[in-house]
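Enquirer: Before we start, here is the structure in question, set down as structure tokens.
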Amino acid sequence: MDNQQSSNQHTIKDPVTISGVGLHTGAHVNMTLKPATPGYGIKFQRVDLPGQPVVKADVDYVVDTSRSTTLEHNGARVSTIEHIMAALVGTGVDNVHIEIDGPEIPIMDGSSYPFIQKIEEAGIAEQDAKKIWYTIDTNISFYDDKKNVEMVALPAVDYRITCMIDFNSPILGTQHANLNSLQDFKQEVAPCRTFVFLHELEYLISNNLIKGGDINNAIVIVDKAVSEEQLGHLAKVFNREHISVAQREGILNNIQLHFPNEPARHKLLDIVGDLALVGVPIKAHIIANRPGHASNVEFARKIKQYIKKNKHIKDMPVYDPSKPAVFDVPRIERTLPHRFPMLLVDKIIDLTDTQVVGIKNVTFNEPFFQGHFPSNPVMPGVLQVEALAQCGGILALSTVPDPHNYDTYFIKIDNCKFKQKVVPGDTMILKMELLSPIRRGIVEMRGTVFVGNKVVTEGDLTAQIIKTRES
């Protein structure tokens with residue numbers, strides 16, 4: 001299986017160092033990619049600063065998108081991160097620690113390809129941890145009417161991108177590019193270099209904003225007539241004997257394009273790098289019209305916000321009442337000591353080594369409704385937690401060969417929250433997940449109660465398995 005679509009996380013096998021010049025700062029930097037543990041993500045460490053601060057590659061830490069994407073946190077500032085981020089996504093690398101001794105990622109040739117070559121030189125290692133993709137289940141849209149930028153994420157079975165650009169330029173024209181699979185990124189997108197219009201280049205040069213700029217690390221699109229005097233000035237700036245313009249293509253110094261639509265493909269590359277800052281690999285079809293770093297980052301924020309708000313839906317168990325139960329009530333009674341009216345689980349619909357899912361149908365006939373808000377029946381929160389605890393007992397006792405000789409006693413409840421009330425007619429879906437392996441009979445679990453597609457109760461419960469009877 002290609003590791004971009006693998007079910008497991010990946011890191012690099014060996015450290016690898018990349019050296020070069022930052023496009024905007026002109027600073028010569030050394031950047032070393034190092035293997036990282038599962039779940040680490042991508043983090044940059046400024047080893048040249050006091051305390052060697054670290055900043056995570058996350059949209060929450062983006063502080064500037066004026067000419068590239070810049071992160072800053074804890075005193076660590078790293079700019080032009082989009083090309084290395086795109087390379088990591090394109091090679092399927094999830095976890096890597098990046099040490100850098102300067103403020104900006106080296107520009108190399110203006111594409112992601114040199115980074116991919118170095119990553120492949122280091123080797124890619126599969127890790128013993130699942131890679132959790134978030135599948136977008138509804139349209140997520142972003143629109144900037146001032147810049148006439150439109151971006152949308154559509155539900156899809158994989159990660160795809162369609163990018164369209166229109167700079168109202170007779171030289172560049174209208175272009176579009178597609179990435180149908182991350183497996184195609186290396187060949188179809190990674191070699192595509194950044195581009196700049198000549199009038200923008202002149203402004204950047206005059207304001208000393210591209211100290212590391214060179215005609216070898218960007219495509220310069222000539223969008224106006226250029227005099228010999230201007231060409232002579234550019235040759236001096238870039239330390240060249242001669243610079244010319246290919247009039248037919250309108251490209252400075254006759255640089256050959258890798259693809260006829262290389263600028264559109266580079267804009268797509270930037271989308272891959274910037275959207276990686278969502279922090280979660282996503283499955284969606286991204287359609288972008290006239291994107292830039294600012295819009296990419298705002299769109300990434302919107303996607304992250306949606307995922308954060310709706311993540312519980314992804315984790316919510318599916319309950320089909322027509323399917324047979326894993327445990328019915330008689331089977332539950334053979335495992336748990338509880339009986340009416342304190343048996344609060346009607347059936348178990350899923351049971352694995354690490355999680356259990358139970359069902360509790362709440363009716364008006366529950367005995368506790370006689371005295372608990374009798375004119376406005378609400379299920380007591382402590383009984384919701386008790387229902388979770390009973391499900392957790394079934395999960396815990398499933399690990400011993402003779403569960404009828406053991407009981408589980410809950411010894412701690414942390415972080416318990418009641419978010420919605422539970423009333424007669426509700427069907428509670430009770431989910432308990434192991435937070436860590438069971439050791440010395442101590443069971444740490446995360447409990448969640450769902451009603452419909454809402455989380456109504458959640459908390460961390462710790463229990464102890466104790467033998468109470470002899471065989």
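Ordering of the structure tokens sets the chain letters (A, B, ...), residue numbers begin anew at 1 in every chain, and ligands are numbered from 1 in the order given.
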Using only C-alpha atoms, which residues sit within 10 Å of Asp270 (chain A) once same-chain residues fewer than 6 positions away are excluded, as a PyMOL selection string?
Expert: chain A and resi 68-69+81-86+111-112+189+194+264+276+291-293+296
Enquirer: Can you pull out every residue within 9 Å of Val326 (chain A), counting only C-alpha atoms, but drop anything in the same chain fewer than 2 positions away, and send it as a list in words?
Expert: Pro324, Asp328, Arg331, Lys347, Ile348, Ile349, Asp350 and Leu351 of chain A
Enquirer: Could those residues be written to a file, using C-alpha atoms, as a PDB file, in the first residue's frame?
Expert:
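Wrote it out as part.pdb, contents follow:
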```
ATOM      1  CA  PRO A 324     -28.583  -8.734  17.172  1.00  0.00           C
ATOM      2  CA  ASP A 328     -28.465  -9.213  25.727  1.00  0.00           C
ATOM      3  CA  ARG A 331     -25.835 -12.315  29.166  1.00  0.00           C
ATOM      4  CA  LYS A 347     -27.642  -4.481  25.616  1.00  0.00           C
ATOM      5  CA  ILE A 348     -24.079  -4.405  24.359  1.00  0.00           C
ATOM      6  CA  ILE A 349     -23.726  -3.774  20.612  1.00  0.00           C
ATOM      7  CA  ASP A 350     -19.917  -3.728  20.317  1.00  0.00           C
ATOM      8  CA  LEU A 351     -17.088  -5.204  22.372  1.00  0.00           C
TER       9      LEU A 351
END
```
Enquirer: For Pro380 (chain A), list every protein, DNA or RNA residue within 10 Å, evaluated using only C-alpha atoms, and leave out those in the same chain fewer than 6 positions away; present the list as a PyMOL selection string.
Expert: chain A and resi 368-369+372-373+386+421-423
Enquirer: Please list as a list of chain:residue names every residue within 10 Å of Met342 (chain A), counting only C-alpha atoms and excluding residues in the same chain fewer than 4 positions away.
Expert: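 Once the adjacent positions are removed, what remains is A:Pro337, A:His338, A:Pro367, A:Leu383, A:Glu386, A:Ala387, A:Gln390.
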Enquirer: Output the selection as a compact mmCIF listing (two decimals), in the first residue's frame - C-alpha atoms for each residue.
Expert:
```
# COMPACT_ATOMS: atom_id res chain seq x y z
CA PRO A 337 -23.85 -8.33 39.68
CA HIS A 338 -26.39 -5.54 39.09
CA PRO A 367 -38.16 4.36 39.19
CA LEU A 383 -27.02 7.46 36.93
CA GLU A 386 -23.32 4.65 36.53
CA ALA A 387 -24.56 3.37 33.15
CA GLN A 390 -21.48 -0.73 34.04
```
Enquirer: When DSSP works through the backbone of this structure, what residues of region 265-366 of chain A end up as strand (DSSP E or B), shown as a PyMOL selection string?
Expert: chain A and resi 282-289+327+347-351+355-361
Enquirer: Got a sec: who's within 9 Å of region 133-146 of chain A, counting only C-alpha atoms, leaving out chain neighbours fewer than 6 positions off, as an NGL selection string?
Expert: :A and (7 or 152-158 or 280-285 or 295 or 298-299 or 302-303 or 306-307 or 311 or 314)
Enquirer: Output N, CA and C atoms for every residue in that selection, as a JSON list (two decimals), in the first residue's frame.
Expert:
```json
[["chain", "number", "residue", "atom", "x", "y", "z"],
["A", 7, "SER", "N", -2.92, 3.04, 6.26],
["A", 7, "SER", "CA", -3.71, 3.13, 7.49],
["A", 7, "SER", "C", -2.84, 3.42, 8.70],
["A", 152, "VAL", "N", -13.72, 25.61, -1.47],
["A", 152, "VAL", "CA", -14.73, 24.72, -0.90],
["A", 152, "VAL", "C", -14.13, 23.33, -0.73],
["A", 153, "ALA", "N", -14.50, 22.66, 0.35],
["A", 153, "ALA", "CA", -14.14, 21.25, 0.58],
["A", 153, "ALA", "C", -15.41, 20.43, 0.43],
["A", 154, "LEU", "N", -15.40, 19.50, -0.51],
["A", 154, "LEU", "CA", -16.55, 18.65, -0.78],
["A", 154, "LEU", "C", -16.29, 17.25, -0.25],
["A", 155, "PRO", "N", -17.31, 16.54, 0.20],
["A", 155, "PRO", "CA", -17.11, 15.14, 0.63],
["A", 155, "PRO", "C", -16.51, 14.31, -0.49],
["A", 156, "ALA", "N", -15.53, 13.48, -0.15],
["A", 156, "ALA", "CA", -14.87, 12.61, -1.13],
["A", 156, "ALA", "C", -14.26, 11.43, -0.39],
["A", 157, "VAL", "N", -13.94, 10.38, -1.14],
["A", 157, "VAL", "CA", -13.39, 9.16, -0.53],
["A", 157, "VAL", "C", -11.88, 9.25, -0.34],
["A", 158, "ASP", "N", -11.24, 10.29, -0.93],
["A", 158, "ASP", "CA", -9.80, 10.47, -0.77],
["A", 158, "ASP", "C", -9.51, 11.97, -0.78],
["A", 280, "VAL", "N", -4.75, 17.59, 10.89],
["A", 280, "VAL", "CA", -5.38, 16.28, 10.74],
["A", 280, "VAL", "C", -5.45, 15.96, 9.25],
["A", 281, "PRO", "N", -5.00, 14.77, 8.83],
["A", 281, "PRO", "CA", -5.15, 14.43, 7.41],
["A", 281, "PRO", "C", -6.62, 14.29, 7.05],
["A", 282, "ILE", "N", -7.03, 14.91, 5.96],
["A", 282, "ILE", "CA", -8.44, 14.92, 5.61],
["A", 282, "ILE", "C", -8.70, 14.22, 4.28],
["A", 283, "LYS", "N", -9.90, 13.73, 4.16],
["A", 283, "LYS", "CA", -10.39, 13.20, 2.89],
["A", 283, "LYS", "C", -11.48, 14.14, 2.41],
["A", 284, "ALA", "N", -11.20, 14.82, 1.31],
["A", 284, "ALA", "CA", -12.13, 15.80, 0.76],
["A", 284, "ALA", "C", -11.66, 16.17, -0.63],
["A", 285, "HIS", "N", -12.55, 16.73, -1.41],
["A", 285, "HIS", "CA", -12.18, 17.31, -2.71],
["A", 285, "HIS", "C", -12.14, 18.82, -2.52],
["A", 295, "SER", "N", -5.78, 33.18, 2.02],
["A", 295, "SER", "CA", -7.04, 32.44, 1.90],
["A", 295, "SER", "C", -6.86, 30.99, 2.29],
["A", 298, "GLU", "N", -6.89, 30.89, 6.10],
["A", 298, "GLU", "CA", -8.23, 31.12, 6.64],
["A", 298, "GLU", "C", -9.13, 29.90, 6.40],
["A", 299, "PHE", "N", -8.98, 29.29, 5.25],
["A", 299, "PHE", "CA", -9.75, 28.08, 4.93],
["A", 299, "PHE", "C", -9.33, 26.94, 5.85],
["A", 302, "LYS", "N", -10.96, 27.36, 9.12],
["A", 302, "LYS", "CA", -12.38, 27.01, 9.07],
["A", 302, "LYS", "C", -12.56, 25.49, 9.10],
["A", 303, "ILE", "N", -11.71, 24.77, 8.38],
["A", 303, "ILE", "CA", -11.78, 23.31, 8.38],
["A", 303, "ILE", "C", -11.46, 22.76, 9.76],
["A", 306, "TYR", "N", -14.33, 23.30, 12.10],
["A", 306, "TYR", "CA", -15.42, 22.36, 11.83],
["A", 306, "TYR", "C", -15.09, 20.98, 12.41],
["A", 307, "ILE", "N", -13.87, 20.53, 12.20],
["A", 307, "ILE", "CA", -13.47, 19.21, 12.71],
["A", 307, "ILE", "C", -13.55, 19.18, 14.23],
["A", 311, "LYS", "N", -16.02, 16.56, 15.67],
["A", 311, "LYS", "CA", -15.22, 15.35, 15.77],
["A", 311, "LYS", "C", -15.96, 14.22, 16.47],
["A", 314, "LYS", "N", -17.77, 11.85, 14.19],
["A", 314, "LYS", "CA", -16.92, 10.84, 13.56],
["A", 314, "LYS", "C", -16.70, 9.65, 14.49]]
```
Enquirer: Can you list, as an MDAnalysis selection string, every protein, DNA or RNA residue that comes within 12 Å of Pro403 (chain A) when you count only C-alpha atoms, leaving out same-chain residues fewer than 2 positions away?
Expert: chainID A and resid 331:337 393:401 405:408 465:471
Enquirer: Take the residues from that selection and write them out as a CSV table (one decimal), in the first residue's frame, keeping N, CA and C atoms.
Expert:
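Done, and the output landed in selection-v4.csv:
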```csv
chain,number,residue,atom,x,y,z
A,331,ARG,N,-27.3,-12.2,29.2
A,331,ARG,CA,-25.8,-12.3,29.2
A,331,ARG,C,-25.2,-11.2,30.0
A,332,ILE,N,-25.7,-10.1,30.1
A,332,ILE,CA,-25.2,-9.0,30.9
A,332,ILE,C,-25.3,-9.4,32.4
A,333,GLU,N,-26.4,-10.0,32.8
A,333,GLU,CA,-26.6,-10.4,34.2
A,333,GLU,C,-25.6,-11.5,34.6
A,334,ARG,N,-25.1,-12.3,33.6
A,334,ARG,CA,-24.1,-13.3,33.9
A,334,ARG,C,-22.7,-12.7,34.1
A,335,THR,N,-22.6,-11.4,33.7
A,335,THR,CA,-21.3,-10.8,33.8
A,335,THR,C,-21.3,-9.8,35.0
A,336,LEU,N,-22.3,-9.0,35.1
A,336,LEU,CA,-22.4,-8.0,36.2
A,336,LEU,C,-23.3,-8.4,37.3
A,337,PRO,N,-23.0,-8.0,38.5
A,337,PRO,CA,-23.9,-8.3,39.7
A,337,PRO,C,-25.1,-7.5,39.8
A,393,GLY,N,-17.4,-1.9,33.2
A,393,GLY,CA,-17.2,-3.2,33.9
A,393,GLY,C,-17.2,-4.3,33.0
A,394,ILE,N,-18.1,-4.3,32.0
A,394,ILE,CA,-18.1,-5.4,31.0
A,394,ILE,C,-16.9,-5.4,30.2
A,395,LEU,N,-16.3,-4.2,29.8
A,395,LEU,CA,-15.1,-4.2,29.1
A,395,LEU,C,-13.9,-4.7,29.9
A,396,ALA,N,-13.9,-4.3,31.2
A,396,ALA,CA,-12.8,-4.7,32.1
A,396,ALA,C,-12.9,-6.2,32.3
A,397,LEU,N,-14.1,-6.7,32.6
A,397,LEU,CA,-14.2,-8.2,32.9
A,397,LEU,C,-14.0,-9.1,31.7
A,398,SER,N,-14.1,-8.5,30.5
A,398,SER,CA,-13.9,-9.3,29.3
A,398,SER,C,-12.4,-9.7,29.2
A,399,THR,N,-11.5,-9.1,30.0
A,399,THR,CA,-10.1,-9.4,30.0
A,399,THR,C,-9.7,-10.6,30.9
A,400,VAL,N,-10.7,-11.1,31.7
A,400,VAL,CA,-10.4,-12.2,32.6
A,400,VAL,C,-11.1,-13.5,32.1
A,401,PRO,N,-10.6,-14.6,32.3
A,401,PRO,CA,-11.2,-15.9,31.8
A,401,PRO,C,-12.5,-16.3,32.5
A,405,ASN,N,-16.3,-14.4,38.6
A,405,ASN,CA,-15.7,-14.5,39.9
A,405,ASN,C,-15.1,-13.1,40.3
A,406,TYR,N,-15.3,-12.1,39.4
A,406,TYR,CA,-14.7,-10.8,39.7
A,406,TYR,C,-15.8,-9.7,39.7
A,407,ASP,N,-15.5,-8.6,40.3
A,407,ASP,CA,-16.3,-7.4,40.2
A,407,ASP,C,-15.3,-6.2,39.9
A,408,THR,N,-15.9,-5.2,39.4
A,408,THR,CA,-15.2,-4.0,39.2
A,408,THR,C,-15.7,-2.9,40.1
A,465,ILE,N,-10.2,-4.0,39.0
A,465,ILE,CA,-10.8,-5.4,38.9
A,465,ILE,C,-10.4,-6.2,40.2
A,466,ILE,N,-11.4,-6.6,40.9
A,466,ILE,CA,-11.1,-7.4,42.2
A,466,ILE,C,-11.8,-8.7,42.2
A,467,LYS,N,-11.0,-9.7,42.5
A,467,LYS,CA,-11.6,-11.1,42.6
A,467,LYS,C,-12.4,-11.2,43.9
A,468,THR,N,-13.7,-11.5,43.7
A,468,THR,CA,-14.6,-11.6,44.9
A,468,THR,C,-15.1,-13.0,45.2
A,469,ARG,N,-14.9,-13.9,44.3
A,469,ARG,CA,-15.4,-15.2,44.5
A,469,ARG,C,-14.3,-16.2,44.0
A,470,GLU,N,-14.3,-17.4,44.5
A,470,GLU,CA,-13.4,-18.5,44.1
A,470,GLU,C,-14.2,-19.4,43.1
A,471,SER,N,-13.4,-20.0,42.2
A,471,SER,CA,-14.1,-20.9,41.2
A,471,SER,C,-14.6,-22.1,41.9
```
Enquirer: If I take CA of Ala36 (chain A) and CA of His97 (chain A), how far is one from the other in Å, to one decimal?
Expert: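 Spanning CA of Ala36 (chain A) to CA of His97 (chain A) is a straight-line distance of 5.9 Å.
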Enquirer: Which residue gives the smallest distance to Asn8 (chain A) among A:Val443, A:Ile219, A:Ala87, A:Ala125, with only C-alpha atoms counted?
Expert: A:Ala125
